[in-house]
Amino acid sequence: AKVVKAGGVASLMDVLKKGNKEGKAAAGQAIIELFADPNNHPSIVKAGGIQAFVDLVKSGGPEGVAQGVRALGKLARTDGAHLASMVKLGALTHVATALHTGTPDAKSHALDVVFLAVGHHPAHAQTLLEAGVMAPCVQLLEGGASPATRSQALQVLGKLLGNKCEQQVELVKAEAVEGLVKMMGHSGSNAQDNLEAAGMLSKLVSCPEGKASLLKANSIPVLVNIVRSGSMECKVSAIECLCMLAETAEGQIGLANAGAVEVLVAFLKTSEVSAKHKQMASKALCLVASHPDNLTAVVQGGAIEPLVALVQTGVEGYESGIATSYLEAAVQVLCQISKCKETHEELTEAGAL
């Protein structure tokens, strides 16, 4: 407070703008300490702090960049008008660079500014997309970052994703599918993050590039485990992804090998599952069961009963034209199973005959 009253902020800003490397670092640290009291923020802004810190992020050394993004983050959290001023000064492009190439400390604070910006105005998201923030945010999803940083990076990517196909493809190219799968498989991930990650995956795999990446990312065991032990919302999002993966022969075999049949059967027997979600799980089960190499897994996983139930009741609620194909698939699977004498008793008990 004494520094502010004595006009010291202006002097510190002058050193920050015109001093040598050591002087700028010392002045920057002193101003950072002044940020501890929000009452000092108006004096810092009045003395040209926003422009000074934008310049520091743009052209400072590693320590200076970290100080600059940290200061911008504190100002942005204090007042949305400060964030608007930063954007006008071109700060987002430089913050995106810090997110790419800065020290771990700089990346953490740069992510905070990005997080605040994408939540402030939709136009900021486009600026950040053009600045290339997707790739560094994806990198922060992996195990090396702190849980808080992973969560914040996930939220940023969720806001950047939107519903546009181009954005989905760009995220896939940035290896977001692999990053999301690694995050969901990380022991430190919480249920809310897993839910958001699974929801993003279900969007990404709706495009061909995303489905191919999901297969390559060794995602099936992670998704099957979520259906086995995740929250109901997570289970549903994971099954949406498994349905799309099961549309390929490679996915069908991978699902069977990962124990998906048993997990899907258990899901179908859960009383609190809605009819809509049971239909989705039935679709995945039919697709997996339709591969001839999976018959043993289908029988051992207890799929006869739900397949018979599917044939008995039809596939009500599926989109027109799709219902018949899954019903026929279930019938064909049961026909193949019936060729094995050991399954006759089980088929009879399930009412197949």
# chains A, B, ... in the order shown; residues from 1 in each chain; ligands from 1
$ residues_around --residues "stretch 61-78 of chain A" --least-positions-apart "5" --cutoff "6 Å" --atoms "only C-alpha atoms" --output "list in words"
Phe53, Leu56, Leu83, Ala106, His109, Ala110 and Val113 of chain A
$ residues_around --residues "A:Gln167" --least-positions-apart "6" --cutoff "9 Å" --atoms "only C-alpha atoms" --output "PyMOL selection string"
chain A and resi 129+160-161
$ residues_around --residues "stretch 189-199 of chain A" --least-positions-apart "4" --cutoff "12 Å" --atoms "only C-alpha atoms" --output "MDAnalysis selection string"
chainID A and resid 138 141:143 145:159 161:162 176:185 203:206 214 219 222:227 229:242
$ residues_around --residues "A:His291" --least-positions-apart "3" --cutoff "8 Å" --atoms "only C-alpha atoms" --output "number ranges by chain"
A: 249, 252-253, 287-288, 294-295
$ closest_residue --among "A:Pro221, A:Pro208, A:Pro42, A:Gly28" --to "A:Thr248" --atoms "only C-alpha atoms"
A:Pro208
$ residues_around --residues "A:Gly23" --least-positions-apart "6" --cutoff "12 Å" --atoms "only C-alpha atoms" --output "number ranges by chain"
A: 11-17, 29-30, 64
$ atom_distance --atom1 "atom CA of A:Ile304" --atom2 "atom CA of A:Glu272"
21.4 Å
$ atom_distance --atom1 "atom CA of A:Met200" --atom2 "atom CA of A:Ala84"
28.6 Å
$ closest_residue --among "A:Met280, A:Ala217, A:Ala297, A:Ala174" --to "A:Ala256" --atoms "only C-alpha atoms"
A:Ala297
$ closest_residue --among "A:Ala91, A:Ile31, A:Ala289, A:Ile50" --to "A:Ala246" --atoms "only C-alpha atoms"
A:Ala289
$ select_by_dssp --residues "stretch 219-322 of chain A" --states "helix (DSSP H, G or I)" --output "PDB file with N, CA and C atoms, in the first residue's frame"
ATOM      1  N   ILE A 220     -10.395 -48.685 -26.480  1.00  0.00           N
ATOM      2  CA  ILE A 220     -11.458 -49.636 -26.138  1.00  0.00           C
ATOM      3  C   ILE A 220     -11.376 -50.107 -24.682  1.00  0.00           C
ATOM      4  N   PRO A 221     -10.205 -50.540 -24.175  1.00  0.00           N
ATOM      5  CA  PRO A 221     -10.165 -50.960 -22.765  1.00  0.00           C
ATOM      6  C   PRO A 221     -10.577 -49.850 -21.799  1.00  0.00           C
ATOM      7  N   VAL A 222     -10.195 -48.598 -22.112  1.00  0.00           N
ATOM      8  CA  VAL A 222     -10.556 -47.466 -21.251  1.00  0.00           C
ATOM      9  C   VAL A 222     -12.069 -47.256 -21.265  1.00  0.00           C
ATOM     10  N   LEU A 223     -12.666 -47.275 -22.449  1.00  0.00           N
ATOM     11  CA  LEU A 223     -14.112 -47.057 -22.566  1.00  0.00           C
ATOM     12  C   LEU A 223     -14.899 -48.198 -21.930  1.00  0.00           C
ATOM     13  N   VAL A 224     -14.436 -49.429 -22.124  1.00  0.00           N
ATOM     14  CA  VAL A 224     -15.109 -50.584 -21.516  1.00  0.00           C
ATOM     15  C   VAL A 224     -15.057 -50.479 -19.992  1.00  0.00           C
ATOM     16  N   ASN A 225     -13.933 -50.042 -19.468  1.00  0.00           N
ATOM     17  CA  ASN A 225     -13.799 -49.895 -18.015  1.00  0.00           C
ATOM     18  C   ASN A 225     -14.737 -48.825 -17.472  1.00  0.00           C
ATOM     19  N   ILE A 226     -14.957 -47.757 -18.270  1.00  0.00           N
ATOM     20  CA  ILE A 226     -15.894 -46.716 -17.840  1.00  0.00           C
ATOM     21  C   ILE A 226     -17.324 -47.265 -17.816  1.00  0.00           C
ATOM     22  N   VAL A 227     -17.679 -48.066 -18.813  1.00  0.00           N
ATOM     23  CA  VAL A 227     -19.014 -48.680 -18.806  1.00  0.00           C
ATOM     24  C   VAL A 227     -19.147 -49.630 -17.614  1.00  0.00           C
ATOM     25  N   ARG A 228     -18.048 -50.237 -17.231  1.00  0.00           N
ATOM     26  CA  ARG A 228     -18.057 -51.184 -16.107  1.00  0.00           C
ATOM     27  C   ARG A 228     -18.211 -50.471 -14.773  1.00  0.00           C
ATOM     28  N   SER A 229     -17.508 -49.340 -14.580  1.00  0.00           N
ATOM     29  CA  SER A 229     -17.446 -48.773 -13.226  1.00  0.00           C
ATOM     30  C   SER A 229     -17.654 -47.268 -13.151  1.00  0.00           C
ATOM     31  N   MET A 232     -23.379 -43.236 -14.312  1.00  0.00           N
ATOM     32  CA  MET A 232     -24.315 -43.573 -15.379  1.00  0.00           C
ATOM     33  C   MET A 232     -24.136 -42.657 -16.580  1.00  0.00           C
ATOM     34  N   GLU A 233     -23.916 -41.364 -16.352  1.00  0.00           N
ATOM     35  CA  GLU A 233     -23.718 -40.431 -17.467  1.00  0.00           C
ATOM     36  C   GLU A 233     -22.466 -40.778 -18.255  1.00  0.00           C
ATOM     37  N   CYS A 234     -21.393 -41.151 -17.544  1.00  0.00           N
ATOM     38  CA  CYS A 234     -20.152 -41.555 -18.208  1.00  0.00           C
ATOM     39  C   CYS A 234     -20.364 -42.841 -19.005  1.00  0.00           C
ATOM     40  N   LYS A 235     -21.096 -43.781 -18.417  1.00  0.00           N
ATOM     41  CA  LYS A 235     -21.368 -45.056 -19.098  1.00  0.00           C
ATOM     42  C   LYS A 235     -22.051 -44.796 -20.447  1.00  0.00           C
ATOM     43  N   VAL A 236     -23.059 -43.918 -20.433  1.00  0.00           N
ATOM     44  CA  VAL A 236     -23.826 -43.641 -21.645  1.00  0.00           C
ATOM     45  C   VAL A 236     -22.942 -43.036 -22.730  1.00  0.00           C
ATOM     46  N   SER A 237     -22.111 -42.042 -22.352  1.00  0.00           N
ATOM     47  CA  SER A 237     -21.217 -41.423 -23.338  1.00  0.00           C
ATOM     48  C   SER A 237     -20.213 -42.435 -23.876  1.00  0.00           C
ATOM     49  N   ALA A 238     -19.713 -43.300 -22.991  1.00  0.00           N
ATOM     50  CA  ALA A 238     -18.747 -44.317 -23.422  1.00  0.00           C
ATOM     51  C   ALA A 238     -19.405 -45.314 -24.381  1.00  0.00           C
ATOM     52  N   ILE A 239     -20.646 -45.692 -24.103  1.00  0.00           N
ATOM     53  CA  ILE A 239     -21.345 -46.633 -24.989  1.00  0.00           C
ATOM     54  C   ILE A 239     -21.596 -46.008 -26.356  1.00  0.00           C
ATOM     55  N   GLU A 240     -21.863 -44.711 -26.398  1.00  0.00           N
ATOM     56  CA  GLU A 240     -22.014 -44.023 -27.685  1.00  0.00           C
ATOM     57  C   GLU A 240     -20.750 -44.203 -28.529  1.00  0.00           C
ATOM     58  N   CYS A 241     -19.593 -44.058 -27.882  1.00  0.00           N
ATOM     59  CA  CYS A 241     -18.317 -44.244 -28.588  1.00  0.00           C
ATOM     60  C   CYS A 241     -18.144 -45.705 -29.015  1.00  0.00           C
ATOM     61  N   LEU A 242     -18.479 -46.632 -28.117  1.00  0.00           N
ATOM     62  CA  LEU A 242     -18.331 -48.054 -28.437  1.00  0.00           C
ATOM     63  C   LEU A 242     -19.232 -48.453 -29.607  1.00  0.00           C
ATOM     64  N   CYS A 243     -20.426 -47.861 -29.681  1.00  0.00           N
ATOM     65  CA  CYS A 243     -21.335 -48.152 -30.800  1.00  0.00           C
ATOM     66  C   CYS A 243     -20.680 -47.790 -32.124  1.00  0.00           C
ATOM     67  N   MET A 244     -20.046 -46.640 -32.154  1.00  0.00           N
ATOM     68  CA  MET A 244     -19.410 -46.193 -33.394  1.00  0.00           C
ATOM     69  C   MET A 244     -18.202 -47.071 -33.732  1.00  0.00           C
ATOM     70  N   LEU A 245     -17.440 -47.458 -32.699  1.00  0.00           N
ATOM     71  CA  LEU A 245     -16.282 -48.327 -32.933  1.00  0.00           C
ATOM     72  C   LEU A 245     -16.732 -49.704 -33.416  1.00  0.00           C
ATOM     73  N   ALA A 249     -15.081 -54.008 -38.350  1.00  0.00           N
ATOM     74  CA  ALA A 249     -14.669 -55.358 -37.937  1.00  0.00           C
ATOM     75  C   ALA A 249     -13.567 -55.283 -36.892  1.00  0.00           C
ATOM     76  N   GLU A 250     -12.638 -54.348 -37.084  1.00  0.00           N
ATOM     77  CA  GLU A 250     -11.543 -54.189 -36.118  1.00  0.00           C
ATOM     78  C   GLU A 250     -12.077 -53.819 -34.740  1.00  0.00           C
ATOM     79  N   GLY A 251     -13.063 -52.932 -34.734  1.00  0.00           N
ATOM     80  CA  GLY A 251     -13.659 -52.525 -33.464  1.00  0.00           C
ATOM     81  C   GLY A 251     -14.422 -53.653 -32.802  1.00  0.00           C
ATOM     82  N   GLN A 252     -15.137 -54.444 -33.590  1.00  0.00           N
ATOM     83  CA  GLN A 252     -15.903 -55.569 -33.043  1.00  0.00           C
ATOM     84  C   GLN A 252     -14.994 -56.571 -32.339  1.00  0.00           C
ATOM     85  N   ILE A 253     -13.880 -56.891 -32.953  1.00  0.00           N
ATOM     86  CA  ILE A 253     -12.937 -57.833 -32.341  1.00  0.00           C
ATOM     87  C   ILE A 253     -12.299 -57.216 -31.103  1.00  0.00           C
ATOM     88  N   GLY A 254     -11.916 -55.944 -31.222  1.00  0.00           N
ATOM     89  CA  GLY A 254     -11.303 -55.255 -30.078  1.00  0.00           C
ATOM     90  C   GLY A 254     -12.235 -55.191 -28.887  1.00  0.00           C
ATOM     91  N   LEU A 255     -13.509 -54.928 -29.133  1.00  0.00           N
ATOM     92  CA  LEU A 255     -14.489 -54.871 -28.049  1.00  0.00           C
ATOM     93  C   LEU A 255     -14.653 -56.223 -27.372  1.00  0.00           C
ATOM     94  N   ALA A 256     -14.746 -57.284 -28.168  1.00  0.00           N
ATOM     95  CA  ALA A 256     -14.894 -58.626 -27.592  1.00  0.00           C
ATOM     96  C   ALA A 256     -13.671 -58.984 -26.749  1.00  0.00           C
ATOM     97  N   ASN A 257     -12.493 -58.680 -27.257  1.00  0.00           N
ATOM     98  CA  ASN A 257     -11.254 -58.999 -26.528  1.00  0.00           C
ATOM     99  C   ASN A 257     -11.121 -58.203 -25.225  1.00  0.00           C
ATOM    100  N   ALA A 260     -16.100 -56.447 -23.579  1.00  0.00           N
ATOM    101  CA  ALA A 260     -17.256 -55.564 -23.743  1.00  0.00           C
ATOM    102  C   ALA A 260     -18.586 -56.316 -23.681  1.00  0.00           C
ATOM    103  N   VAL A 261     -18.613 -57.571 -24.123  1.00  0.00           N
ATOM    104  CA  VAL A 261     -19.876 -58.322 -24.138  1.00  0.00           C
ATOM    105  C   VAL A 261     -20.431 -58.435 -22.723  1.00  0.00           C
ATOM    106  N   GLU A 262     -19.601 -58.895 -21.811  1.00  0.00           N
ATOM    107  CA  GLU A 262     -20.036 -59.060 -20.421  1.00  0.00           C
ATOM    108  C   GLU A 262     -20.482 -57.726 -19.811  1.00  0.00           C
ATOM    109  N   VAL A 263     -19.734 -56.658 -20.131  1.00  0.00           N
ATOM    110  CA  VAL A 263     -20.047 -55.339 -19.576  1.00  0.00           C
ATOM    111  C   VAL A 263     -21.360 -54.806 -20.144  1.00  0.00           C
ATOM    112  N   LEU A 264     -21.572 -54.982 -21.442  1.00  0.00           N
ATOM    113  CA  LEU A 264     -22.820 -54.520 -22.059  1.00  0.00           C
ATOM    114  C   LEU A 264     -24.017 -55.310 -21.540  1.00  0.00           C
ATOM    115  N   VAL A 265     -23.830 -56.606 -21.333  1.00  0.00           N
ATOM    116  CA  VAL A 265     -24.910 -57.437 -20.785  1.00  0.00           C
ATOM    117  C   VAL A 265     -25.282 -56.946 -19.382  1.00  0.00           C
ATOM    118  N   ALA A 266     -24.273 -56.654 -18.572  1.00  0.00           N
ATOM    119  CA  ALA A 266     -24.528 -56.151 -17.210  1.00  0.00           C
ATOM    120  C   ALA A 266     -25.261 -54.807 -17.263  1.00  0.00           C
ATOM    121  N   PHE A 267     -24.870 -53.962 -18.198  1.00  0.00           N
ATOM    122  CA  PHE A 267     -25.526 -52.657 -18.360  1.00  0.00           C
ATOM    123  C   PHE A 267     -27.004 -52.845 -18.713  1.00  0.00           C
ATOM    124  N   LEU A 268     -27.287 -53.786 -19.607  1.00  0.00           N
ATOM    125  CA  LEU A 268     -28.663 -54.034 -20.033  1.00  0.00           C
ATOM    126  C   LEU A 268     -29.530 -54.578 -18.900  1.00  0.00           C
ATOM    127  N   ALA A 275     -34.910 -46.855 -21.402  1.00  0.00           N
ATOM    128  CA  ALA A 275     -35.140 -47.658 -22.605  1.00  0.00           C
ATOM    129  C   ALA A 275     -34.253 -47.190 -23.760  1.00  0.00           C
ATOM    130  N   LYS A 276     -34.087 -45.877 -23.866  1.00  0.00           N
ATOM    131  CA  LYS A 276     -33.264 -45.312 -24.943  1.00  0.00           C
ATOM    132  C   LYS A 276     -31.828 -45.799 -24.842  1.00  0.00           C
ATOM    133  N   HIS A 277     -31.282 -45.784 -23.636  1.00  0.00           N
ATOM    134  CA  HIS A 277     -29.891 -46.190 -23.449  1.00  0.00           C
ATOM    135  C   HIS A 277     -29.723 -47.710 -23.573  1.00  0.00           C
ATOM    136  N   LYS A 278     -30.774 -48.462 -23.209  1.00  0.00           N
ATOM    137  CA  LYS A 278     -30.717 -49.913 -23.416  1.00  0.00           C
ATOM    138  C   LYS A 278     -30.688 -50.240 -24.910  1.00  0.00           C
ATOM    139  N   GLN A 279     -31.417 -49.462 -25.687  1.00  0.00           N
ATOM    140  CA  GLN A 279     -31.419 -49.657 -27.137  1.00  0.00           C
ATOM    141  C   GLN A 279     -30.013 -49.414 -27.704  1.00  0.00           C
ATOM    142  N   MET A 280     -29.364 -48.391 -27.174  1.00  0.00           N
ATOM    143  CA  MET A 280     -28.024 -48.071 -27.646  1.00  0.00           C
ATOM    144  C   MET A 280     -27.043 -49.195 -27.287  1.00  0.00           C
ATOM    145  N   ALA A 281     -27.155 -49.716 -26.057  1.00  0.00           N
ATOM    146  CA  ALA A 281     -26.286 -50.815 -25.640  1.00  0.00           C
ATOM    147  C   ALA A 281     -26.599 -52.086 -26.443  1.00  0.00           C
ATOM    148  N   SER A 282     -27.892 -52.303 -26.761  1.00  0.00           N
ATOM    149  CA  SER A 282     -28.287 -53.461 -27.579  1.00  0.00           C
ATOM    150  C   SER A 282     -27.667 -53.367 -28.966  1.00  0.00           C
ATOM    151  N   LYS A 283     -27.642 -52.163 -29.504  1.00  0.00           N
ATOM    152  CA  LYS A 283     -27.031 -51.945 -30.815  1.00  0.00           C
ATOM    153  C   LYS A 283     -25.557 -52.348 -30.777  1.00  0.00           C
ATOM    154  N   ALA A 284     -24.829 -51.882 -29.753  1.00  0.00           N
ATOM    155  CA  ALA A 284     -23.406 -52.211 -29.635  1.00  0.00           C
ATOM    156  C   ALA A 284     -23.210 -53.716 -29.490  1.00  0.00           C
ATOM    157  N   LEU A 285     -24.064 -54.342 -28.675  1.00  0.00           N
ATOM    158  CA  LEU A 285     -23.954 -55.787 -28.453  1.00  0.00           C
ATOM    159  C   LEU A 285     -24.198 -56.564 -29.750  1.00  0.00           C
ATOM    160  N   CYS A 286     -25.204 -56.146 -30.507  1.00  0.00           N
ATOM    161  CA  CYS A 286     -25.502 -56.818 -31.778  1.00  0.00           C
ATOM    162  C   CYS A 286     -24.334 -56.706 -32.745  1.00  0.00           C
ATOM    163  N   LEU A 287     -23.754 -55.533 -32.801  1.00  0.00           N
ATOM    164  CA  LEU A 287     -22.643 -55.319 -33.727  1.00  0.00           C
ATOM    165  C   LEU A 287     -21.436 -56.178 -33.342  1.00  0.00           C
ATOM    166  N   VAL A 288     -21.127 -56.221 -32.052  1.00  0.00           N
ATOM    167  CA  VAL A 288     -19.999 -57.037 -31.589  1.00  0.00           C
ATOM    168  C   VAL A 288     -20.281 -58.510 -31.859  1.00  0.00           C
ATOM    169  N   ALA A 289     -21.508 -58.928 -31.555  1.00  0.00           N
ATOM    170  CA  ALA A 289     -21.874 -60.342 -31.709  1.00  0.00           C
ATOM    171  C   ALA A 289     -21.908 -60.781 -33.171  1.00  0.00           C
ATOM    172  N   PRO A 292     -18.096 -63.200 -36.712  1.00  0.00           N
ATOM    173  CA  PRO A 292     -18.021 -64.655 -36.485  1.00  0.00           C
ATOM    174  C   PRO A 292     -16.940 -65.078 -35.491  1.00  0.00           C
ATOM    175  N   ASP A 293     -15.882 -64.306 -35.364  1.00  0.00           N
ATOM    176  CA  ASP A 293     -14.813 -64.660 -34.429  1.00  0.00           C
ATOM    177  C   ASP A 293     -15.191 -64.390 -32.975  1.00  0.00           C
ATOM    178  N   ASN A 294     -16.329 -63.727 -32.769  1.00  0.00           N
ATOM    179  CA  ASN A 294     -16.707 -63.332 -31.407  1.00  0.00           C
ATOM    180  C   ASN A 294     -17.755 -64.250 -30.772  1.00  0.00           C
ATOM    181  N   LEU A 295     -18.136 -65.335 -31.436  1.00  0.00           N
ATOM    182  CA  LEU A 295     -19.220 -66.183 -30.920  1.00  0.00           C
ATOM    183  C   LEU A 295     -18.923 -66.733 -29.538  1.00  0.00           C
ATOM    184  N   THR A 296     -17.686 -67.167 -29.315  1.00  0.00           N
ATOM    185  CA  THR A 296     -17.323 -67.704 -28.000  1.00  0.00           C
ATOM    186  C   THR A 296     -17.473 -66.638 -26.925  1.00  0.00           C
ATOM    187  N   ALA A 297     -16.996 -65.429 -27.225  1.00  0.00           N
ATOM    188  CA  ALA A 297     -17.107 -64.334 -26.259  1.00  0.00           C
ATOM    189  C   ALA A 297     -18.564 -63.975 -26.002  1.00  0.00           C
ATOM    190  N   VAL A 298     -19.400 -64.070 -27.030  1.00  0.00           N
ATOM    191  CA  VAL A 298     -20.825 -63.766 -26.899  1.00  0.00           C
ATOM    192  C   VAL A 298     -21.493 -64.753 -25.945  1.00  0.00           C
ATOM    193  N   VAL A 299     -21.204 -66.038 -26.122  1.00  0.00           N
ATOM    194  CA  VAL A 299     -21.804 -67.066 -25.262  1.00  0.00           C
ATOM    195  C   VAL A 299     -21.276 -66.942 -23.840  1.00  0.00           C
ATOM    196  N   GLN A 300     -19.963 -66.842 -23.702  1.00  0.00           N
ATOM    197  CA  GLN A 300     -19.360 -66.778 -22.367  1.00  0.00           C
ATOM    198  C   GLN A 300     -19.725 -65.482 -21.630  1.00  0.00           C
ATOM    199  N   ILE A 304     -26.686 -64.378 -24.706  1.00  0.00           N
ATOM    200  CA  ILE A 304     -27.824 -65.089 -25.321  1.00  0.00           C
ATOM    201  C   ILE A 304     -29.160 -64.506 -24.861  1.00  0.00           C
ATOM    202  N   GLU A 305     -29.302 -64.340 -23.558  1.00  0.00           N
ATOM    203  CA  GLU A 305     -30.574 -63.848 -23.019  1.00  0.00           C
ATOM    204  C   GLU A 305     -30.967 -62.482 -23.593  1.00  0.00           C
ATOM    205  N   PRO A 306     -30.081 -61.466 -23.562  1.00  0.00           N
ATOM    206  CA  PRO A 306     -30.485 -60.169 -24.131  1.00  0.00           C
ATOM    207  C   PRO A 306     -30.699 -60.213 -25.641  1.00  0.00           C
ATOM    208  N   LEU A 307     -29.967 -61.070 -26.346  1.00  0.00           N
ATOM    209  CA  LEU A 307     -30.183 -61.187 -27.790  1.00  0.00           C
ATOM    210  C   LEU A 307     -31.559 -61.795 -28.086  1.00  0.00           C
ATOM    211  N   VAL A 308     -31.926 -62.794 -27.304  1.00  0.00           N
ATOM    212  CA  VAL A 308     -33.252 -63.400 -27.469  1.00  0.00           C
ATOM    213  C   VAL A 308     -34.339 -62.379 -27.156  1.00  0.00           C
ATOM    214  N   ALA A 309     -34.138 -61.622 -26.081  1.00  0.00           N
ATOM    215  CA  ALA A 309     -35.117 -60.588 -25.708  1.00  0.00           C
ATOM    216  C   ALA A 309     -35.264 -59.555 -26.815  1.00  0.00           C
ATOM    217  N   LEU A 310     -34.160 -59.253 -27.454  1.00  0.00           N
ATOM    218  CA  LEU A 310     -34.172 -58.285 -28.545  1.00  0.00           C
ATOM    219  C   LEU A 310     -35.012 -58.796 -29.711  1.00  0.00           C
ATOM    220  N   VAL A 311     -34.845 -60.064 -30.032  1.00  0.00           N
ATOM    221  CA  VAL A 311     -35.608 -60.663 -31.130  1.00  0.00           C
ATOM    222  C   VAL A 311     -37.099 -60.736 -30.781  1.00  0.00           C
ATOM    223  N   GLN A 312     -37.387 -61.044 -29.505  1.00  0.00           N
ATOM    224  CA  GLN A 312     -38.782 -61.199 -29.087  1.00  0.00           C
ATOM    225  C   GLN A 312     -39.548 -59.881 -29.109  1.00  0.00           C
ATOM    226  N   THR A 313     -38.877 -58.826 -28.734  1.00  0.00           N
ATOM    227  CA  THR A 313     -39.560 -57.528 -28.589  1.00  0.00           C
ATOM    228  C   THR A 313     -39.341 -56.610 -29.767  1.00  0.00           C
TER     229      THR A 313
END
